[in-house]
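As stored in model-v6.txt (compact mmCIF, C-alpha atoms):
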# COMPACT_ATOMS: atom_id res chain seq x y z
CA MET A 1464 -113.03 -249.69 9.32
CA SER A 1465 -114.65 -246.39 8.42
CA LEU A 1466 -112.42 -243.45 7.56
CA SER A 1467 -115.03 -241.09 8.96
CA VAL A 1468 -113.06 -241.04 12.23
CA LEU A 1469 -110.22 -239.42 10.32
CA SER A 1470 -112.18 -236.25 9.66
CA VAL A 1471 -110.06 -234.22 12.09
CA ASP A 1472 -108.09 -230.99 12.01
CA PRO A 1473 -105.11 -231.69 9.71
CA ASN A 1474 -103.32 -228.50 10.77
CA ALA A 1475 -102.27 -229.64 14.22
CA SER A 1476 -98.51 -229.24 14.62
CA GLU A 1477 -96.15 -232.07 15.53
CA GLN A 1478 -95.45 -230.25 18.82
CA GLN A 1479 -99.15 -230.18 19.67
CA LEU A 1480 -99.51 -233.88 18.88
CA ALA A 1481 -96.43 -234.72 20.94
CA ALA A 1482 -97.72 -232.71 23.91
CA ARG A 1483 -101.10 -234.38 23.68
CA LYS A 1484 -99.45 -237.79 23.48
CA LYS A 1485 -97.53 -237.10 26.72
CA GLU A 1486 -100.76 -236.14 28.43
CA LEU A 1487 -102.45 -239.31 27.26
CA ALA A 1488 -99.57 -241.44 28.53
CA LYS A 1489 -100.61 -240.49 32.06
CA VAL A 1490 -104.17 -241.69 31.54
CA ASP A 1491 -105.39 -245.13 32.60
CA PRO A 1492 -105.43 -247.25 29.38
CA SER A 1493 -108.74 -248.78 30.44
CA LYS A 1494 -110.32 -245.36 29.89
CA TYR A 1495 -108.93 -244.88 26.38
CA VAL A 1496 -111.97 -246.32 24.63
CA ASN A 1497 -114.22 -243.46 25.65
CA ASP A 1498 -111.67 -240.65 25.28
CA ALA A 1499 -112.44 -238.68 22.12
CA GLY A 1500 -109.12 -236.85 22.43
CA VAL A 1501 -107.21 -240.11 22.22
CA GLU A 1502 -109.14 -241.16 19.14
CA GLU A 1503 -108.38 -237.81 17.50
CA VAL A 1504 -104.62 -238.08 18.12
CA TRP A 1505 -104.56 -241.68 16.92
CA ALA A 1506 -106.61 -240.80 13.85
CA GLN A 1507 -104.35 -237.88 12.94
CA LYS A 1508 -101.18 -239.91 13.28
CA ALA A 1509 -102.62 -242.90 11.38
CA PHE A 1510 -103.90 -240.68 8.58
CA ARG A 1511 -100.60 -238.84 8.20
CA HIS A 1512 -98.71 -242.13 8.18
CA ALA A 1513 -100.99 -243.46 5.42
CA GLN A 1514 -100.46 -240.30 3.33
CA VAL A 1515 -96.68 -240.46 3.65
CA TYR A 1516 -96.52 -244.18 2.89
CA TYR A 1517 -98.70 -243.95 -0.20
CA LYS A 1518 -96.61 -241.06 -1.53
CA LEU A 1519 -93.52 -243.23 -1.09
CA ILE A 1520 -94.81 -246.18 -3.11
CA CYS A 1521 -96.04 -243.78 -5.79
CA SER A 1522 -92.65 -242.10 -6.13
CA ILE A 1523 -89.97 -244.80 -5.72
CA ASN A 1524 -89.31 -248.43 -6.58
CA CYS A 1525 -91.03 -250.22 -3.70
CA THR A 1526 -88.81 -253.30 -3.99
CA LYS A 1527 -85.95 -251.16 -2.66
CA LEU A 1528 -87.99 -249.45 0.03
CA LYS A 1529 -86.96 -250.01 3.65
CA LEU A 1530 -89.64 -249.42 6.27
CA SER A 1531 -87.73 -250.22 9.47
CA LYS A 1532 -84.41 -251.42 10.88
CA PHE A 1533 -85.83 -254.92 11.11
CA ASP A 1534 -87.31 -255.44 7.63
CA GLU A 1535 -85.41 -258.67 7.05
CA GLU A 1536 -86.42 -260.18 10.39
CA LEU A 1537 -90.04 -259.08 9.95
CA TYR A 1538 -90.17 -260.57 6.46
CA GLN A 1539 -88.53 -263.90 7.31
CA HIS A 1540 -90.68 -264.44 10.40
CA PHE A 1541 -93.74 -263.54 8.36
CA LEU A 1542 -92.94 -266.15 5.72
CA VAL A 1543 -92.47 -268.80 8.39
CA THR A 1544 -95.50 -267.87 10.48
CA PHE A 1545 -97.94 -267.12 7.64
CA PRO A 1546 -96.74 -269.18 4.65
CA ARG A 1547 -100.15 -269.36 2.98
CA VAL A 1548 -101.60 -265.95 3.81
CA LYS A 1549 -102.75 -264.08 0.70
CA ILE A 1550 -101.39 -260.54 0.80
CA ASP A 1551 -102.37 -259.05 -2.57
CA VAL A 1552 -106.05 -258.92 -1.60
CA ILE A 1553 -106.69 -259.43 2.10
CA ASP A 1554 -109.89 -260.97 3.42
CA GLU A 1555 -110.68 -258.79 6.41
CA ASP A 1556 -112.89 -261.43 8.05
CA LYS A 1557 -110.06 -263.96 7.96
CA LEU A 1558 -107.56 -261.34 9.10
CA LYS A 1559 -109.69 -260.53 12.16
CA SER A 1560 -110.74 -264.10 12.97
CA VAL A 1561 -110.02 -265.46 16.47
CA SER A 1562 -107.32 -267.86 15.28
CA ALA A 1563 -105.64 -265.24 13.07
CA LYS A 1564 -105.65 -262.67 15.88
CA ARG A 1565 -103.94 -265.16 18.17
CA LYS A 1566 -101.19 -265.86 15.64
CA TRP A 1567 -100.73 -262.17 14.86
CA ARG A 1568 -100.58 -261.30 18.55
CA ASN A 1569 -97.73 -263.74 19.08
CA TYR A 1570 -95.98 -262.45 15.95
CA CYS A 1571 -96.29 -258.81 17.01
CA GLN A 1572 -95.02 -259.49 20.51
CA MET A 1573 -91.76 -260.84 19.10
CA PHE A 1574 -90.97 -257.26 18.00
CA GLU A 1575 -92.33 -255.48 21.07
CA TYR A 1576 -88.89 -254.28 22.13
CA HIS A 1577 -87.51 -253.72 18.64
CA VAL A 1578 -90.14 -251.76 16.69
CA GLU A 1579 -91.17 -248.41 18.15
CA ASP A 1580 -94.93 -248.17 18.84
CA TYR A 1581 -95.15 -251.79 17.70
CA ASN A 1582 -98.88 -252.06 18.42
CA PHE A 1583 -99.92 -248.56 17.35
CA GLY A 1584 -103.08 -248.56 15.22
CA THR A 1585 -102.07 -248.22 11.54
CA LEU A 1586 -104.14 -248.10 8.36
CA LEU A 1587 -103.65 -251.04 6.00
CA ARG A 1588 -105.00 -251.32 2.44
CA LEU A 1589 -106.95 -254.52 1.83
CA ASP A 1590 -106.35 -254.60 -1.94
CA CYS A 1591 -102.75 -253.70 -2.69
CA LYS A 1592 -103.66 -252.51 -6.20
CA GLU A 1593 -105.87 -249.76 -4.77
CA GLY A 1594 -105.07 -246.69 -2.73
CA TYR A 1595 -106.41 -245.69 0.67
CA SER A 1596 -110.19 -245.36 0.78
CA GLU A 1597 -113.01 -246.08 3.20
CA SER A 1598 -113.85 -249.41 1.55
CA ASN A 1599 -110.21 -250.49 1.10
CA THR A 1600 -108.86 -249.82 4.59
CA THR A 1601 -108.65 -251.63 7.90
CA LEU A 1602 -106.91 -250.83 11.18
CA VAL A 1603 -104.08 -253.12 12.35
CA PRO A 1604 -101.12 -252.96 14.77
CA ARG A 1605 -98.02 -251.31 13.31
CA VAL A 1606 -96.00 -254.55 13.22
CA GLN A 1607 -98.77 -256.25 11.26
CA PHE A 1608 -98.80 -253.38 8.77
CA LEU A 1609 -95.01 -253.60 8.41
CA ALA A 1610 -95.03 -257.36 7.90
CA ILE A 1611 -97.66 -257.25 5.15
CA GLU A 1612 -96.35 -254.15 3.36
CA ILE A 1613 -92.73 -255.34 3.47
CA ALA A 1614 -93.87 -258.60 1.88
CA ARG A 1615 -95.91 -256.72 -0.75
CA ASN A 1616 -92.96 -254.50 -1.58
CA ARG A 1617 -90.40 -257.30 -1.82
CA GLN A 1618 -92.73 -259.27 -4.07
CA GLY A 1619 -93.34 -256.22 -6.26
CA LEU A 1620 -97.07 -256.09 -5.58
CA ASN A 1621 -97.02 -252.34 -4.97
CA MET A 1622 -95.16 -251.53 -8.19
CA CYS A 1623 -98.49 -250.78 -9.87
CA HIS A 1624 -98.59 -247.48 -7.95
CA LEU A 1625 -95.23 -246.19 -9.18
CA GLY A 1626 -95.76 -242.93 -11.07
CA LYS A 1627 -99.33 -242.43 -9.86
CA ASP A 1628 -100.58 -239.16 -8.43
CA PRO A 1629 -100.74 -239.87 -4.66
CA ASN A 1630 -103.51 -237.31 -4.24
CA PRO A 1631 -106.78 -239.13 -5.08
CA LYS A 1632 -108.68 -235.84 -5.25
CA SER A 1633 -106.55 -234.38 -8.04
CA GLU A 1634 -108.30 -236.32 -10.81
CA GLU A 1635 -111.70 -235.22 -9.56
CA GLN A 1636 -110.54 -231.62 -9.38
CA THR A 1637 -109.16 -231.83 -12.92
CA ALA A 1638 -112.46 -233.21 -14.20
CA GLN A 1639 -114.35 -230.44 -12.44
CA LYS A 1640 -112.07 -227.80 -13.98
CA GLU A 1641 -112.62 -229.29 -17.44
CA GLU A 1642 -116.40 -229.24 -16.96
CA THR A 1643 -116.27 -225.64 -15.74
CA ALA A 1644 -114.13 -224.62 -18.72
CA ALA A 1645 -116.54 -226.33 -21.11
CA GLU A 1646 -119.50 -224.48 -19.60
CA GLU A 1647 -117.64 -221.16 -19.84
CA ASN A 1648 -116.82 -221.85 -23.49
CA LYS A 1649 -120.49 -222.42 -24.25
CA GLU A 1650 -121.48 -219.22 -22.46
CA ASN A 1651 -118.89 -217.29 -24.46
CA GLY A 1652 -120.08 -218.77 -27.74
CA SER A 1653 -117.14 -221.17 -28.14
CA ASN A 1654 -117.32 -224.51 -29.91
CA GLU A 1655 -116.08 -227.83 -28.53
CA ASN A 1656 -112.46 -226.95 -29.47
CA GLY A 1657 -112.60 -223.75 -27.45
CA LYS A 1658 -112.72 -221.55 -30.59
CA LEU A 1659 -115.24 -218.77 -30.83
CA GLU A 1660 -118.04 -219.36 -33.31
CA GLU A 1661 -117.86 -217.00 -36.25
CA PRO A 1662 -120.93 -214.79 -36.81
CA GLY A 1663 -123.30 -216.38 -39.22
CA SER A 1664 -121.95 -219.89 -38.80
CA GLU A 1665 -125.33 -221.21 -37.62
CA GLY A 1666 -128.81 -221.06 -39.03
CA GLY A 1667 -127.63 -220.40 -42.61
CA ALA A 1668 -126.84 -216.79 -41.79
CA GLY A 1669 -123.49 -217.17 -43.47
CA ASP A 1670 -125.22 -217.69 -46.84
CA ALA A 1671 -127.27 -214.48 -46.65
CA GLU A 1672 -126.67 -211.98 -49.44
CA PRO A 1673 -125.24 -208.61 -48.49
CA PRO A 1674 -127.69 -205.67 -48.69
CA SER A 1675 -127.77 -203.93 -52.06
CA ALA A 1676 -126.01 -200.60 -52.31
Would you mind writing the structure in this file as structure tokens?
Amino acid sequence: MSLSVLSVDPNASEQQLAARKKELAKVDPSKYVNDAGVEEVWAQKAFRHAQVYYKLICSINCTKLKLSKFDEELYQHFLVTFPRVKIDVIDEDKLKSVSAKRKWRNYCQMFEYHVEDYNFGTLLRLDCKEGYSESNTTLVPRVQFLAIEIARNRQGLNMCHLGKDPNPKSEEQTAQKEETAAEENKENGSNENGKLEEPGSEGGAGDAEPPSA
């Protein structure tokens, strides 16, 4: 799934999103596919959810993280229903295969009346060792996201993110600042350590004899 659909206004308030959601609830679901407004609301909510979740696993011990009131039931049913599913690195083709979709549909429907917005589109990382990115993300129902991430957390697979900076752009910005500082140092006559070059330090000028009196 491409994250290009998530390029939306991030400044929309929760009240605006809630109002828009109420409007959309009155619309015929069969028309949702072609409604750009629906896609925007879904994209905003999914993107914000992904940001919050990634910040959580970067800041606390994921093995103690609780994602819903039904974590235990979700986890136990997952182990029984998908005993051999690999969750550290997910094969998207297998995840979206006809047989897998059928099993996941039945699994999700068990929690239809327990998990709020149980089938809401949610962003899931394919490789648990990586963060959210265009190449490492797929869209799944909320219950499917919960089942996989609860299992990852309980098995300690997300512990590799503890202590990381949840903002993926920060490292790029830091590198850019360092490059800019280096360029400024050169323009100001500074050496690699940021110290100004002393006059006569290049070209042998420092060995020149002073003019005679």
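Our summary of the geometry notes that CA of Leu1609 (chain A) is positioned 13.7 Å from CA of Leu1589 (chain A).
Compared by their closest atoms to Phe1541 (chain A), and using all atoms listed in the file, the residues A:Lys1527, A:Lys1508, A:His1624, A:Lys1566 rank with A:Lys1566 nearest.
For the pair CA of Cys1521 (chain A) and CA of Lys1627 (chain A), the separation is 5.4 Å.
Note that the spacing between CA of Val1578 (chain A) and CA of Arg1605 (chain A) amounts to 8.6 Å.
When all atoms listed in the file are used to compute distances to Thr1544 (chain A), the closest of the residues A:Asn1582, A:Thr1601, A:Asn1630, A:Asn1569 turns out to be A:Asn1569.
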Between A:Val1603, A:Leu1537, A:Leu1528, A:Val1515, which one has atoms that come closest to Lys1559 (chain A), using all atoms listed in the file?
A:Val1603
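Closest approach to Glu1536 (chain A) among A:Lys1592, A:Arg1568, A:His1577, A:Lys1549 is made by A:His1577 (distances from all atoms listed in the file).
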Where atoms are absent from region 1598-1623 of chain A, fill them in so it carries N, CA, C and O atoms, then output it as a PDB file, in the coordinates of the input.
ATOM      1  N   SER A1598    -113.520-248.004   1.799  1.00  0.00           N
ATOM      2  CA  SER A1598    -113.850-249.410   1.550  1.00  0.00           C
ATOM      3  C   SER A1598    -112.612-250.305   1.440  1.00  0.00           C
ATOM      4  O   SER A1598    -112.735-251.517   1.436  1.00  0.00           O
ATOM      5  N   ASN A1599    -111.422-249.694   1.329  1.00  0.00           N
ATOM      6  CA  ASN A1599    -110.210-250.490   1.100  1.00  0.00           C
ATOM      7  C   ASN A1599    -109.236-250.389   2.274  1.00  0.00           C
ATOM      8  O   ASN A1599    -108.039-250.592   2.107  1.00  0.00           O
ATOM      9  N   THR A1600    -109.744-250.065   3.451  1.00  0.00           N
ATOM     10  CA  THR A1600    -108.860-249.820   4.590  1.00  0.00           C
ATOM     11  C   THR A1600    -109.329-250.538   5.839  1.00  0.00           C
ATOM     12  O   THR A1600    -110.523-250.624   6.100  1.00  0.00           O
ATOM     13  N   THR A1601    -108.371-251.055   6.596  1.00  0.00           N
ATOM     14  CA  THR A1601    -108.650-251.630   7.900  1.00  0.00           C
ATOM     15  C   THR A1601    -107.567-251.191   8.869  1.00  0.00           C
ATOM     16  O   THR A1601    -106.486-250.772   8.441  1.00  0.00           O
ATOM     17  N   LEU A1602    -107.859-251.266  10.160  1.00  0.00           N
ATOM     18  CA  LEU A1602    -106.910-250.830  11.180  1.00  0.00           C
ATOM     19  C   LEU A1602    -106.215-252.030  11.792  1.00  0.00           C
ATOM     20  O   LEU A1602    -106.867-252.979  12.235  1.00  0.00           O
ATOM     21  N   VAL A1603    -104.879-252.005  11.810  1.00  0.00           N
ATOM     22  CA  VAL A1603    -104.080-253.120  12.350  1.00  0.00           C
ATOM     23  C   VAL A1603    -102.941-252.564  13.192  1.00  0.00           C
ATOM     24  O   VAL A1603    -102.592-251.387  13.083  1.00  0.00           O
ATOM     25  N   PRO A1604    -102.303-253.400  14.031  1.00  0.00           N
ATOM     26  CA  PRO A1604    -101.120-252.960  14.770  1.00  0.00           C
ATOM     27  C   PRO A1604     -99.981-252.634  13.801  1.00  0.00           C
ATOM     28  O   PRO A1604     -99.911-253.184  12.701  1.00  0.00           O
ATOM     29  N   ARG A1605     -99.092-251.756  14.199  1.00  0.00           N
ATOM     30  CA  ARG A1605     -98.020-251.310  13.310  1.00  0.00           C
ATOM     31  C   ARG A1605     -97.169-252.464  12.791  1.00  0.00           C
ATOM     32  O   ARG A1605     -96.796-252.495  11.619  1.00  0.00           O
ATOM     33  N   VAL A1606     -96.829-253.422  13.659  1.00  0.00           N
ATOM     34  CA  VAL A1606     -96.000-254.550  13.220  1.00  0.00           C
ATOM     35  C   VAL A1606     -96.713-255.366  12.147  1.00  0.00           C
ATOM     36  O   VAL A1606     -96.078-255.833  11.196  1.00  0.00           O
ATOM     37  N   GLN A1607     -98.007-255.506  12.264  1.00  0.00           N
ATOM     38  CA  GLN A1607     -98.770-256.250  11.260  1.00  0.00           C
ATOM     39  C   GLN A1607     -98.754-255.511   9.925  1.00  0.00           C
ATOM     40  O   GLN A1607     -98.587-256.122   8.867  1.00  0.00           O
ATOM     41  N   PHE A1608     -98.896-254.197   9.987  1.00  0.00           N
ATOM     42  CA  PHE A1608     -98.800-253.380   8.770  1.00  0.00           C
ATOM     43  C   PHE A1608     -97.424-253.551   8.123  1.00  0.00           C
ATOM     44  O   PHE A1608     -97.313-253.769   6.909  1.00  0.00           O
ATOM     45  N   LEU A1609     -96.374-253.466   8.928  1.00  0.00           N
ATOM     46  CA  LEU A1609     -95.010-253.600   8.410  1.00  0.00           C
ATOM     47  C   LEU A1609     -94.794-254.956   7.754  1.00  0.00           C
ATOM     48  O   LEU A1609     -94.232-255.047   6.652  1.00  0.00           O
ATOM     49  N   ALA A1610     -95.238-256.012   8.423  1.00  0.00           N
ATOM     50  CA  ALA A1610     -95.030-257.360   7.900  1.00  0.00           C
ATOM     51  C   ALA A1610     -95.685-257.525   6.524  1.00  0.00           C
ATOM     52  O   ALA A1610     -95.070-258.027   5.579  1.00  0.00           O
ATOM     53  N   ILE A1611     -96.920-257.073   6.403  1.00  0.00           N
ATOM     54  CA  ILE A1611     -97.660-257.250   5.150  1.00  0.00           C
ATOM     55  C   ILE A1611     -97.118-256.344   4.053  1.00  0.00           C
ATOM     56  O   ILE A1611     -96.935-256.775   2.906  1.00  0.00           O
ATOM     57  N   GLU A1612     -96.834-255.084   4.386  1.00  0.00           N
ATOM     58  CA  GLU A1612     -96.350-254.150   3.360  1.00  0.00           C
ATOM     59  C   GLU A1612     -94.917-254.452   2.939  1.00  0.00           C
ATOM     60  O   GLU A1612     -94.568-254.260   1.769  1.00  0.00           O
ATOM     61  N   ILE A1613     -94.091-254.941   3.849  1.00  0.00           N
ATOM     62  CA  ILE A1613     -92.730-255.340   3.470  1.00  0.00           C
ATOM     63  C   ILE A1613     -92.810-256.505   2.488  1.00  0.00           C
ATOM     64  O   ILE A1613     -92.083-256.549   1.481  1.00  0.00           O
ATOM     65  N   ALA A1614     -93.692-257.455   2.777  1.00  0.00           N
ATOM     66  CA  ALA A1614     -93.870-258.600   1.880  1.00  0.00           C
ATOM     67  C   ALA A1614     -94.403-258.151   0.519  1.00  0.00           C
ATOM     68  O   ALA A1614     -93.939-258.609  -0.527  1.00  0.00           O
ATOM     69  N   ARG A1615     -95.363-257.246   0.518  1.00  0.00           N
ATOM     70  CA  ARG A1615     -95.910-256.720  -0.750  1.00  0.00           C
ATOM     71  C   ARG A1615     -94.822-256.029  -1.555  1.00  0.00           C
ATOM     72  O   ARG A1615     -94.722-256.214  -2.770  1.00  0.00           O
ATOM     73  N   ASN A1616     -94.011-255.225  -0.874  1.00  0.00           N
ATOM     74  CA  ASN A1616     -92.960-254.500  -1.580  1.00  0.00           C
ATOM     75  C   ASN A1616     -91.897-255.429  -2.146  1.00  0.00           C
ATOM     76  O   ASN A1616     -91.488-255.291  -3.308  1.00  0.00           O
ATOM     77  N   ARG A1617     -91.458-256.387  -1.365  1.00  0.00           N
ATOM     78  CA  ARG A1617     -90.400-257.300  -1.820  1.00  0.00           C
ATOM     79  C   ARG A1617     -90.882-258.188  -2.961  1.00  0.00           C
ATOM     80  O   ARG A1617     -90.076-258.624  -3.787  1.00  0.00           O
ATOM     81  N   GLN A1618     -92.181-258.455  -2.991  1.00  0.00           N
ATOM     82  CA  GLN A1618     -92.730-259.270  -4.070  1.00  0.00           C
ATOM     83  C   GLN A1618     -93.234-258.427  -5.233  1.00  0.00           C
ATOM     84  O   GLN A1618     -93.808-258.946  -6.194  1.00  0.00           O
ATOM     85  N   GLY A1619     -92.996-257.110  -5.163  1.00  0.00           N
ATOM     86  CA  GLY A1619     -93.340-256.220  -6.260  1.00  0.00           C
ATOM     87  C   GLY A1619     -94.815-255.945  -6.449  1.00  0.00           C
ATOM     88  O   GLY A1619     -95.230-255.420  -7.486  1.00  0.00           O
ATOM     89  N   LEU A1620     -95.627-256.256  -5.445  1.00  0.00           N
ATOM     90  CA  LEU A1620     -97.070-256.090  -5.580  1.00  0.00           C
ATOM     91  C   LEU A1620     -97.516-254.629  -5.565  1.00  0.00           C
ATOM     92  O   LEU A1620     -98.606-254.298  -6.033  1.00  0.00           O
ATOM     93  N   ASN A1621     -96.675-253.763  -5.012  1.00  0.00           N
ATOM     94  CA  ASN A1621     -97.020-252.340  -4.970  1.00  0.00           C
ATOM     95  C   ASN A1621     -96.437-251.536  -6.131  1.00  0.00           C
ATOM     96  O   ASN A1621     -96.613-250.317  -6.205  1.00  0.00           O
ATOM     97  N   MET A1622     -95.766-252.218  -7.050  1.00  0.00           N
ATOM     98  CA  MET A1622     -95.160-251.530  -8.190  1.00  0.00           C
ATOM     99  C   MET A1622     -96.194-250.868  -9.091  1.00  0.00           C
ATOM    100  O   MET A1622     -95.881-249.934  -9.824  1.00  0.00           O
ATOM    101  N   CYS A1623     -97.433-251.340  -9.025  1.00  0.00           N
ATOM    102  CA  CYS A1623     -98.490-250.780  -9.870  1.00  0.00           C
ATOM    103  C   CYS A1623     -98.785-249.316  -9.519  1.00  0.00           C
ATOM    104  O   CYS A1623     -99.432-248.604 -10.299  1.00  0.00           O
TER     105      CYS A1623
END
